[in-house]
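A.B. asks: Next up, target19.txt (compact mmCIF, C-alpha atoms).
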# COMPACT_ATOMS: atom_id res chain seq x y z
CA MET A 1 0.00 0.00 0.00
CA THR A 2 2.88 2.36 0.77
CA ASN A 3 4.37 1.84 -2.70
CA PHE A 4 0.98 2.45 -4.29
CA MET A 5 0.50 5.73 -2.39
CA TYR A 6 4.02 6.87 -3.29
CA ILE A 7 3.56 6.14 -7.00
CA PHE A 8 0.07 7.67 -6.92
CA CYS A 9 1.34 10.96 -5.47
CA LEU A 10 4.34 10.98 -7.79
CA MET A 11 2.25 10.51 -10.93
CA VAL A 12 -0.61 12.79 -9.91
CA TRP A 13 1.54 15.72 -8.85
CA GLY A 14 3.99 15.20 -11.68
CA LEU A 15 1.09 15.64 -14.12
CA ASN A 16 -0.39 18.72 -12.42
CA PHE A 17 0.69 21.20 -15.05
CA ILE A 18 -0.30 18.88 -17.88
CA ALA A 19 -3.84 18.98 -16.48
CA VAL A 20 -3.71 22.78 -16.39
CA LYS A 21 -2.62 22.79 -20.03
CA ILE A 22 -5.43 20.42 -21.01
CA GLN A 23 -7.98 22.51 -19.10
CA GLY A 24 -7.05 25.50 -21.24
CA THR A 25 -8.60 28.95 -21.10
CA PRO A 26 -12.30 28.77 -22.02
CA VAL A 27 -12.69 31.13 -19.05
CA SER A 28 -10.13 33.26 -17.27
CA LEU A 29 -7.43 31.44 -15.35
CA GLU A 30 -8.52 33.31 -12.24
CA LEU A 31 -12.03 31.86 -12.53
CA SER A 32 -10.73 28.35 -13.22
CA LEU A 33 -8.50 28.57 -10.17
CA THR A 34 -11.37 29.90 -8.06
CA TYR A 35 -13.48 26.86 -8.96
CA ARG A 36 -10.62 24.59 -7.92
CA LEU A 37 -9.96 26.41 -4.65
CA VAL A 38 -13.61 26.61 -3.61
CA MET A 39 -14.20 22.92 -4.25
CA THR A 40 -11.01 21.91 -2.43
CA ALA A 41 -11.78 24.19 0.52
CA PHE A 42 -15.21 22.58 0.80
CA LEU A 43 -13.68 19.08 0.83
CA PHE A 44 -11.22 19.98 3.57
CA LEU A 45 -13.86 21.74 5.66
CA VAL A 46 -16.02 18.62 5.46
CA LEU A 47 -12.99 16.55 6.46
CA VAL A 48 -12.37 18.79 9.47
CA TRP A 49 -16.02 18.50 10.49
CA PHE A 50 -15.93 14.73 10.11
CA LEU A 51 -12.57 13.98 11.79
CA LYS A 52 -12.37 16.83 14.30
CA PRO A 53 -8.61 16.26 14.67
CA LYS A 54 -6.43 17.57 17.44
CA GLY A 55 -3.99 20.41 16.86
CA ARG A 56 -6.41 23.28 16.32
CA PRO A 57 -4.71 26.60 15.57
CA ARG A 58 -4.88 29.45 18.06
CA SER A 59 -5.62 33.06 17.22
CA LYS A 60 -1.92 33.96 17.03
CA ASP A 61 -1.41 31.24 14.42
CA PHE A 62 -3.91 32.62 11.92
CA PRO A 63 -1.62 35.24 10.31
CA PHE A 64 0.84 32.47 9.42
CA ILE A 65 -1.92 30.22 8.09
CA ILE A 66 -3.17 33.13 5.99
CA VAL A 67 0.33 33.62 4.56
CA PHE A 68 0.44 29.89 3.86
CA GLY A 69 -2.90 29.96 2.04
CA VAL A 70 -2.24 33.13 0.05
CA CYS A 71 1.27 32.16 -1.02
CA ASN A 72 0.84 28.42 -1.55
CA PHE A 73 -2.69 28.18 -2.91
CA ALA A 74 -3.72 31.54 -4.36
CA LEU A 75 -0.80 33.53 -5.76
CA SER A 76 1.60 30.68 -6.52
CA TYR A 77 -1.14 28.62 -8.19
CA LEU A 78 -2.15 31.62 -10.30
CA CYS A 79 1.44 32.28 -11.37
CA LEU A 80 1.98 28.64 -12.28
CA TYR A 81 -1.31 28.53 -14.21
CA TYR A 82 -0.24 31.52 -16.30
CA ALA A 83 3.26 30.12 -16.76
CA THR A 84 1.88 26.81 -18.02
CA ILE A 85 -0.25 28.54 -20.63
CA LEU A 86 2.54 30.90 -21.73
CA SER A 87 5.27 28.27 -21.98
CA SER A 88 5.11 24.50 -21.64
CA ALA A 89 4.16 22.16 -18.83
CA ALA A 90 7.60 20.54 -19.07
CA ILE A 91 9.40 23.83 -18.47
CA VAL A 92 7.08 24.80 -15.60
CA THR A 93 7.54 21.39 -13.97
CA LEU A 94 11.32 21.79 -14.15
CA ILE A 95 11.18 25.26 -12.65
CA PHE A 96 8.80 24.14 -9.92
CA SER A 97 11.25 21.40 -8.97
CA LEU A 98 13.58 24.23 -7.93
CA LYS A 99 11.41 24.54 -4.82
CA VAL A 100 13.66 21.93 -3.21
CA ILE A 101 16.37 24.59 -3.34
CA LEU A 102 14.25 27.68 -2.73
CA THR A 103 12.37 26.23 0.26
CA PRO A 104 15.53 25.59 2.32
CA ILE A 105 16.62 29.14 1.51
CA ALA A 106 13.26 30.46 2.72
CA LEU A 107 13.55 28.34 5.86
CA ARG A 108 16.97 29.85 6.46
CA VAL A 109 15.75 33.42 5.92
CA PHE A 110 12.53 33.22 7.94
CA LEU A 111 13.13 30.45 10.48
CA LYS A 112 16.93 30.58 10.72
CA GLU A 113 17.26 26.90 9.88
CA LYS A 114 20.61 25.54 8.75
CA LEU A 115 21.27 25.76 5.01
CA TYR A 116 23.24 22.78 3.73
CA SER A 117 25.90 23.09 1.02
CA ARG A 118 24.16 20.40 -1.02
CA VAL A 119 21.34 22.89 -1.66
CA LEU A 120 23.75 25.13 -3.59
CA ILE A 121 25.09 22.19 -5.59
CA GLY A 122 21.61 20.94 -6.36
CA GLY A 123 20.52 24.46 -7.25
CA ILE A 124 23.29 24.85 -9.81
CA LEU A 125 22.30 21.59 -11.49
CA GLY A 126 18.62 22.54 -11.39
CA VAL A 127 19.22 25.93 -12.98
CA PHE A 128 21.46 24.29 -15.57
CA GLY A 129 18.64 21.88 -16.44
CA VAL A 130 16.19 24.73 -16.95
CA CYS A 131 18.69 26.64 -19.10
CA VAL A 132 19.33 23.59 -21.28
CA LEU A 133 15.61 23.08 -21.84
CA ILE A 134 14.84 26.69 -22.77
CA TYR A 135 17.95 27.22 -24.92
CA PRO A 136 16.33 25.99 -28.18
CA ASN A 137 13.48 28.47 -27.68
CA LEU A 138 15.68 31.54 -27.46
CA ASN A 139 16.10 31.85 -31.21
CA ASN A 140 12.51 31.47 -32.33
CA PHE A 141 9.42 33.65 -32.26
CA GLN A 142 8.02 32.01 -29.14
CA GLY A 143 11.17 32.70 -27.16
CA LEU A 144 9.91 35.91 -25.54
CA THR A 145 6.61 34.32 -24.57
CA ASP A 146 8.43 31.34 -23.10
CA LEU A 147 10.70 33.64 -21.12
CA LYS A 148 7.68 35.44 -19.70
CA GLY A 149 6.28 32.08 -18.68
CA ILE A 150 9.58 31.10 -17.11
CA MET A 151 9.79 34.29 -15.05
CA ILE A 152 6.20 33.89 -13.85
CA ALA A 153 6.86 30.24 -13.00
CA LEU A 154 9.92 31.26 -11.01
CA LEU A 155 7.86 33.85 -9.13
CA GLY A 156 5.25 31.20 -8.38
CA THR A 157 7.92 28.83 -7.10
CA ILE A 158 9.40 31.54 -4.87
CA LEU A 159 5.94 32.23 -3.44
CA THR A 160 5.56 28.50 -2.80
CA ALA A 161 8.84 28.50 -0.89
CA VAL A 162 7.63 31.39 1.28
CA GLY A 163 4.41 29.49 1.92
CA ASP A 164 6.44 26.40 2.78
CA ALA A 165 8.34 28.38 5.40
CA SER A 166 5.05 29.45 6.94
CA SER A 167 3.85 25.85 6.77
CA ALA A 168 7.00 24.71 8.58
CA ARG A 169 6.35 27.26 11.31
CA ASN A 170 2.80 25.96 11.67
CA ALA A 171 4.07 22.38 11.86
CA ASN A 172 6.54 23.40 14.57
CA ARG A 173 3.57 24.75 16.55
CA LYS A 174 1.85 21.34 16.21
CA ILE A 175 -0.98 22.70 14.08
CA ASN A 176 -2.75 19.84 12.36
CA PRO A 177 -2.18 20.20 8.59
CA ILE A 178 -5.83 19.39 7.92
CA TYR A 179 -6.83 22.57 9.76
CA ALA A 180 -4.09 24.53 7.99
CA ASN A 181 -5.23 23.33 4.57
CA ALA A 182 -8.91 23.91 5.30
CA ILE A 183 -8.27 27.49 6.40
CA GLY A 184 -5.61 28.08 3.75
CA PHE A 185 -7.81 26.96 0.88
CA THR A 186 -10.72 28.98 2.25
CA ILE A 187 -8.63 32.16 2.44
CA ALA A 188 -7.24 31.51 -1.04
CA SER A 189 -10.78 30.98 -2.36
CA ILE A 190 -11.94 34.29 -0.94
CA LEU A 191 -8.94 36.15 -2.38
CA MET A 192 -9.36 34.66 -5.85
CA GLY A 193 -13.10 35.25 -5.72
CA VAL A 194 -12.50 38.94 -5.03
CA ILE A 195 -10.06 39.10 -7.95
CA VAL A 196 -12.63 37.49 -10.25
CA LEU A 197 -15.29 39.98 -9.15
CA PHE A 198 -12.95 42.90 -9.81
CA GLN A 199 -12.31 41.57 -13.31
CA ARG A 200 -16.05 41.81 -14.01
CA ASN A 201 -15.92 38.91 -16.41
CA LYS A 202 -18.95 36.73 -16.98
CA ILE A 203 -18.95 33.87 -14.49
CA ILE A 204 -19.72 30.63 -16.31
CA LEU A 205 -18.73 27.01 -15.87
CA PRO A 206 -17.56 25.42 -19.14
CA THR A 207 -19.18 22.04 -19.67
CA THR A 208 -16.69 20.49 -22.08
CA VAL A 209 -15.32 17.10 -21.13
CA THR A 210 -11.72 18.30 -21.17
CA TYR A 211 -12.39 21.26 -18.89
CA LEU A 212 -14.51 19.42 -16.34
CA SER A 213 -12.26 16.36 -16.25
CA ALA A 214 -9.18 18.54 -15.73
CA LEU A 215 -10.97 20.52 -13.02
CA LEU A 216 -12.01 17.36 -11.19
CA TYR A 217 -8.51 15.96 -11.54
CA LEU A 218 -6.88 19.09 -10.13
CA THR A 219 -9.42 19.36 -7.32
CA LEU A 220 -10.43 15.91 -6.18
CA ILE A 221 -7.32 13.92 -7.10
CA ALA A 222 -4.37 16.35 -7.03
CA SER A 223 -5.43 18.76 -4.28
CA PHE A 224 -7.34 16.39 -2.01
CA MET A 225 -6.78 12.65 -2.47
CA ALA A 226 -3.07 12.82 -3.25
CA TRP A 227 -2.53 15.13 -0.30
CA LEU A 228 -4.25 12.69 2.06
CA PHE A 229 -2.10 9.87 0.70
CA TYR A 230 0.94 12.05 1.24
CA LEU A 231 0.00 12.51 4.90
CA LYS A 232 -0.11 8.73 5.29
CA LEU A 233 3.28 8.46 3.59
CA VAL A 234 4.77 10.98 6.01
CA GLU A 235 3.33 8.92 8.85
CA LYS A 236 4.77 5.66 7.49
CA ILE A 237 8.15 6.60 5.97
CA GLY A 238 8.75 10.20 7.10
CA GLY A 239 8.55 13.57 5.39
CA ALA A 240 12.12 13.51 4.07
CA LYS A 241 11.73 10.26 2.14
CA SER A 242 8.25 11.24 0.99
CA GLY A 243 9.62 14.50 -0.37
CA TYR A 244 12.08 12.70 -2.63
CA MET A 245 9.32 12.32 -5.22
CA VAL A 246 9.77 16.00 -6.11
CA ALA A 247 13.08 15.03 -7.71
CA LEU A 248 11.23 12.91 -10.27
CA PHE A 249 8.61 15.50 -11.25
CA PRO A 250 10.67 16.83 -14.21
CA VAL A 251 10.79 13.36 -15.80
CA ILE A 252 7.04 12.82 -15.35
CA GLY A 253 6.23 16.27 -16.69
CA GLY A 254 8.69 16.00 -19.57
CA VAL A 255 7.43 12.62 -20.77
CA ALA A 256 3.79 13.68 -20.46
CA SER A 257 4.50 16.90 -22.36
CA VAL A 258 5.86 14.83 -25.24
CA LEU A 259 2.91 12.43 -25.15
CA ILE A 260 0.33 15.21 -25.51
CA GLY A 261 2.32 16.76 -28.36
CA GLU A 262 3.27 19.90 -26.47
CA SER A 263 7.01 19.18 -26.60
CA THR A 264 9.13 17.26 -29.07
CA PRO A 265 11.69 14.66 -27.97
CA SER A 266 15.19 16.14 -28.04
CA ILE A 267 18.54 15.89 -26.35
CA TYR A 268 17.78 19.22 -24.68
CA LEU A 269 14.64 17.80 -23.08
CA VAL A 270 16.45 14.68 -21.86
CA VAL A 271 19.48 16.51 -20.47
CA GLY A 272 17.35 19.24 -18.93
CA CYS A 273 15.03 16.81 -17.14
CA LEU A 274 17.85 14.56 -15.92
CA SER A 275 19.91 17.50 -14.68
CA SER A 276 16.92 18.89 -12.78
CA CYS A 277 16.16 15.48 -11.27
CA ILE A 278 19.75 14.98 -10.13
CA GLY A 279 19.91 18.51 -8.77
CA ALA A 280 16.67 18.07 -6.85
CA ALA A 281 17.86 14.74 -5.46
CA ILE A 282 21.13 16.28 -4.26
CA ALA A 283 19.32 19.25 -2.70
CA LEU A 284 16.91 16.93 -0.92
CA GLY A 285 19.81 14.87 0.42
CA VAL A 286 18.53 11.52 -0.79
CA ARG A 287 21.40 9.73 0.92
CA ASN A 288 20.94 11.60 4.16
CA ARG A 289 18.58 9.67 6.42
CA SER A 290 18.95 11.95 9.42
CA GLN A 291 17.02 14.94 8.09
CA ASN A 292 13.94 16.46 9.62
CA ASN A 293 10.94 14.27 8.89
CA ASN A 294 8.53 17.19 8.75
CA LEU A 295 9.79 18.97 5.67
CA PRO A 296 7.03 21.03 4.07
CA VAL A 297 5.95 19.88 0.64
CA ASN A 298 3.60 21.78 -1.61
CA THR A 299 2.98 20.27 -5.01
CA ASN A 300 0.30 22.45 -6.62
What is this file in structure tokens?
C.D. replies:
Amino acid sequence: MTNFMYIFCLMVWGLNFIAVKIQGTPVSLELSLTYRLVMTAFLFLVLVWFLKPKGRPRSKDFPFIIVFGVCNFALSYLCLYYATILSSAAIVTLIFSLKVILTPIALRVFLKEKLYSRVLIGGILGVFGVCVLIYPNLNNFQGLTDLKGIMIALLGTILTAVGDASSARNANRKINPIYANAIGFTIASILMGVIVLFQRNKIILPTTVTYLSALLYLTLIASFMAWLFYLKLVEKIGGAKSGYMVALFPVIGGVASVLIGESTPSIYLVVGCLSSCIGAAIALGVRNRSQNNNLPVNTN
């Protein structure tokens, strides 16, 4: 069962941005994200009501949970949605894998945690992988658009790292992650709902099979079921080992991008994905079994 849950989370989260690409833009990305956040918030609120777990947050914890929700679920999701549409899911997946470098940096800045040298080494390999993948696009017409997508994806990943630091603080205060997610998704839903209202666009729900299936995938499977499986994995094998799956996201995203015809097989794609995977693995310290077992992981 543990192997199944690990593979399930790996595949589901590795295909996140492919699902965003398939969902497309029949409505604004802000509205699509709002649908996802509202549905996920509802699921977690029901889960809180049903389980009534221990570890309820206190009033002084709410500012940090709000930061967690805004950074991890609202702003970072929105950036990564836009980046996926502007560039490719493969590139965005590679950039998002840099969170294994950016999160330790955020933990160092905000929580004064030790920053290991392997993070720098892994970061260099990760950045190299991204550069290799985008190099062929620099000389064609789409290059500027891709670069915009890359910059937005990087911003989204940085926001995720900030949210991870807040999540780590909440974990240190023994706040149950189910409460944190329920509140975080609710706050993110409200924020995105306000943005949608300010846009004054017509609020409709597309009924195409591709849109609805992608929405259900991103909501029910990626944001809810996979996250619950991940909690069980942390319980069984620890957060450090569970987090190793992030190192394989570039391969999953790269292969899927080729299969849907978004990317073409090339040496750049292979080298870029492998370099990012190796860099992420080094940054995570795959060989180091003595790390903190409560590392924050956000997978969008």
A.B. asks: Provide the CA of Ile152 in chain A to CA of Lys112 in chain A distance in Å, to one decimal place.
C.D. replies: 27.0 Å
A.B. asks: Under the rule that all atoms listed in the file are counted, which of A:Tyr82, A:Phe224, A:Tyr230, A:Tyr35 is the nearest residue to Pro206 in chain A?
C.D. replies: A:Tyr35
A.B. asks: Pull the neighbourhood of (-2.8, 21.7, -17.5) for me: all residues within 9 Å in file coordinates, counting only C-alpha atoms, as a ChimeraX atom specification.
C.D. replies: /A:15-24,81,84-85,89,214,218
A.B. asks: Could you please determine the separation between CA of Leu45 in chain A and CA of Leu10 in chain A in Å, to one decimal place?
C.D. replies: 25.1 Å
A.B. asks: Out of A:Ile195, A:Leu155, A:Ala74, A:Val251, which residue has the shortest atom-to-atom distance to Gly272 in chain A when counting only C-alpha atoms?
C.D. replies: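 Of A:Ile195, A:Leu155, A:Ala74, A:Val251, the one nearest Gly272 in chain A, counting only C-alpha atoms, is A:Val251.
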A.B. asks: Is it possible to add N, CA and C atoms to range 156-180 of chain A and hand it back as a PDB file, in the coordinates of the input?
C.D. replies:
ATOM      1  N   GLY A 156       6.162  32.115  -9.052  1.00  0.00           N
ATOM      2  CA  GLY A 156       5.250  31.200  -8.380  1.00  0.00           C
ATOM      3  C   GLY A 156       5.975  30.227  -7.470  1.00  0.00           C
ATOM      4  N   THR A 157       7.140  29.766  -7.910  1.00  0.00           N
ATOM      5  CA  THR A 157       7.920  28.830  -7.100  1.00  0.00           C
ATOM      6  C   THR A 157       8.489  29.521  -5.865  1.00  0.00           C
ATOM      7  N   ILE A 158       8.908  30.773  -6.016  1.00  0.00           N
ATOM      8  CA  ILE A 158       9.400  31.540  -4.870  1.00  0.00           C
ATOM      9  C   ILE A 158       8.277  31.739  -3.846  1.00  0.00           C
ATOM     10  N   LEU A 159       7.084  32.066  -4.333  1.00  0.00           N
ATOM     11  CA  LEU A 159       5.940  32.230  -3.440  1.00  0.00           C
ATOM     12  C   LEU A 159       5.625  30.915  -2.716  1.00  0.00           C
ATOM     13  N   THR A 160       5.765  29.810  -3.430  1.00  0.00           N
ATOM     14  CA  THR A 160       5.560  28.500  -2.800  1.00  0.00           C
ATOM     15  C   THR A 160       6.563  28.277  -1.680  1.00  0.00           C
ATOM     16  N   ALA A 161       7.809  28.668  -1.913  1.00  0.00           N
ATOM     17  CA  ALA A 161       8.840  28.500  -0.890  1.00  0.00           C
ATOM     18  C   ALA A 161       8.528  29.333   0.350  1.00  0.00           C
ATOM     19  N   VAL A 162       8.022  30.550   0.140  1.00  0.00           N
ATOM     20  CA  VAL A 162       7.630  31.390   1.280  1.00  0.00           C
ATOM     21  C   VAL A 162       6.477  30.732   2.037  1.00  0.00           C
ATOM     22  N   GLY A 163       5.514  30.207   1.285  1.00  0.00           N
ATOM     23  CA  GLY A 163       4.410  29.490   1.920  1.00  0.00           C
ATOM     24  C   GLY A 163       4.878  28.259   2.669  1.00  0.00           C
ATOM     25  N   ASP A 164       5.880  27.570   2.114  1.00  0.00           N
ATOM     26  CA  ASP A 164       6.440  26.400   2.780  1.00  0.00           C
ATOM     27  C   ASP A 164       7.075  26.770   4.119  1.00  0.00           C
ATOM     28  N   ALA A 165       7.734  27.921   4.151  1.00  0.00           N
ATOM     29  CA  ALA A 165       8.340  28.380   5.400  1.00  0.00           C
ATOM     30  C   ALA A 165       7.260  28.632   6.450  1.00  0.00           C
ATOM     31  N   SER A 166       6.162  29.230   6.024  1.00  0.00           N
ATOM     32  CA  SER A 166       5.050  29.450   6.940  1.00  0.00           C
ATOM     33  C   SER A 166       4.444  28.121   7.381  1.00  0.00           C
ATOM     34  N   SER A 167       4.363  27.175   6.445  1.00  0.00           N
ATOM     35  CA  SER A 167       3.850  25.850   6.770  1.00  0.00           C
ATOM     36  C   SER A 167       4.740  25.150   7.787  1.00  0.00           C
ATOM     37  N   ALA A 168       6.060  25.320   7.634  1.00  0.00           N
ATOM     38  CA  ALA A 168       7.000  24.710   8.580  1.00  0.00           C
ATOM     39  C   ALA A 168       6.821  25.313   9.970  1.00  0.00           C
ATOM     40  N   ARG A 169       6.598  26.615  10.013  1.00  0.00           N
ATOM     41  CA  ARG A 169       6.350  27.260  11.310  1.00  0.00           C
ATOM     42  C   ARG A 169       5.089  26.694  11.944  1.00  0.00           C
ATOM     43  N   ASN A 170       4.044  26.512  11.143  1.00  0.00           N
ATOM     44  CA  ASN A 170       2.800  25.960  11.670  1.00  0.00           C
ATOM     45  C   ASN A 170       2.999  24.529  12.174  1.00  0.00           C
ATOM     46  N   ALA A 171       3.793  23.751  11.441  1.00  0.00           N
ATOM     47  CA  ALA A 171       4.070  22.380  11.860  1.00  0.00           C
ATOM     48  C   ALA A 171       4.847  22.364  13.177  1.00  0.00           C
ATOM     49  N   ASN A 172       5.774  23.305  13.326  1.00  0.00           N
ATOM     50  CA  ASN A 172       6.540  23.400  14.570  1.00  0.00           C
ATOM     51  C   ASN A 172       5.649  23.731  15.759  1.00  0.00           C
ATOM     52  N   ARG A 173       4.533  24.402  15.492  1.00  0.00           N
ATOM     53  CA  ARG A 173       3.570  24.750  16.550  1.00  0.00           C
ATOM     54  C   ARG A 173       2.517  23.657  16.726  1.00  0.00           C
ATOM     55  N   LYS A 174       2.739  22.506  16.082  1.00  0.00           N
ATOM     56  CA  LYS A 174       1.850  21.340  16.210  1.00  0.00           C
ATOM     57  C   LYS A 174       0.442  21.601  15.699  1.00  0.00           C
ATOM     58  N   ILE A 175       0.327  22.465  14.695  1.00  0.00           N
ATOM     59  CA  ILE A 175      -0.980  22.700  14.080  1.00  0.00           C
ATOM     60  C   ILE A 175      -1.264  21.563  13.108  1.00  0.00           C
ATOM     61  N   ASN A 176      -2.400  20.943  13.251  1.00  0.00           N
ATOM     62  CA  ASN A 176      -2.750  19.840  12.360  1.00  0.00           C
ATOM     63  C   ASN A 176      -2.849  20.356  10.923  1.00  0.00           C
ATOM     64  N   PRO A 177      -2.170  19.711   9.975  1.00  0.00           N
ATOM     65  CA  PRO A 177      -2.180  20.200   8.590  1.00  0.00           C
ATOM     66  C   PRO A 177      -3.566  20.192   7.947  1.00  0.00           C
ATOM     67  N   ILE A 178      -4.472  19.382   8.467  1.00  0.00           N
ATOM     68  CA  ILE A 178      -5.830  19.390   7.920  1.00  0.00           C
ATOM     69  C   ILE A 178      -6.506  20.726   8.213  1.00  0.00           C
ATOM     70  N   TYR A 179      -6.309  21.239   9.430  1.00  0.00           N
ATOM     71  CA  TYR A 179      -6.830  22.570   9.760  1.00  0.00           C
ATOM     72  C   TYR A 179      -6.158  23.631   8.894  1.00  0.00           C
ATOM     73  N   ALA A 180      -4.835  23.535   8.766  1.00  0.00           N
ATOM     74  CA  ALA A 180      -4.090  24.530   7.990  1.00  0.00           C
ATOM     75  C   ALA A 180      -4.562  24.554   6.540  1.00  0.00           C
TER      76      ALA A 180
END
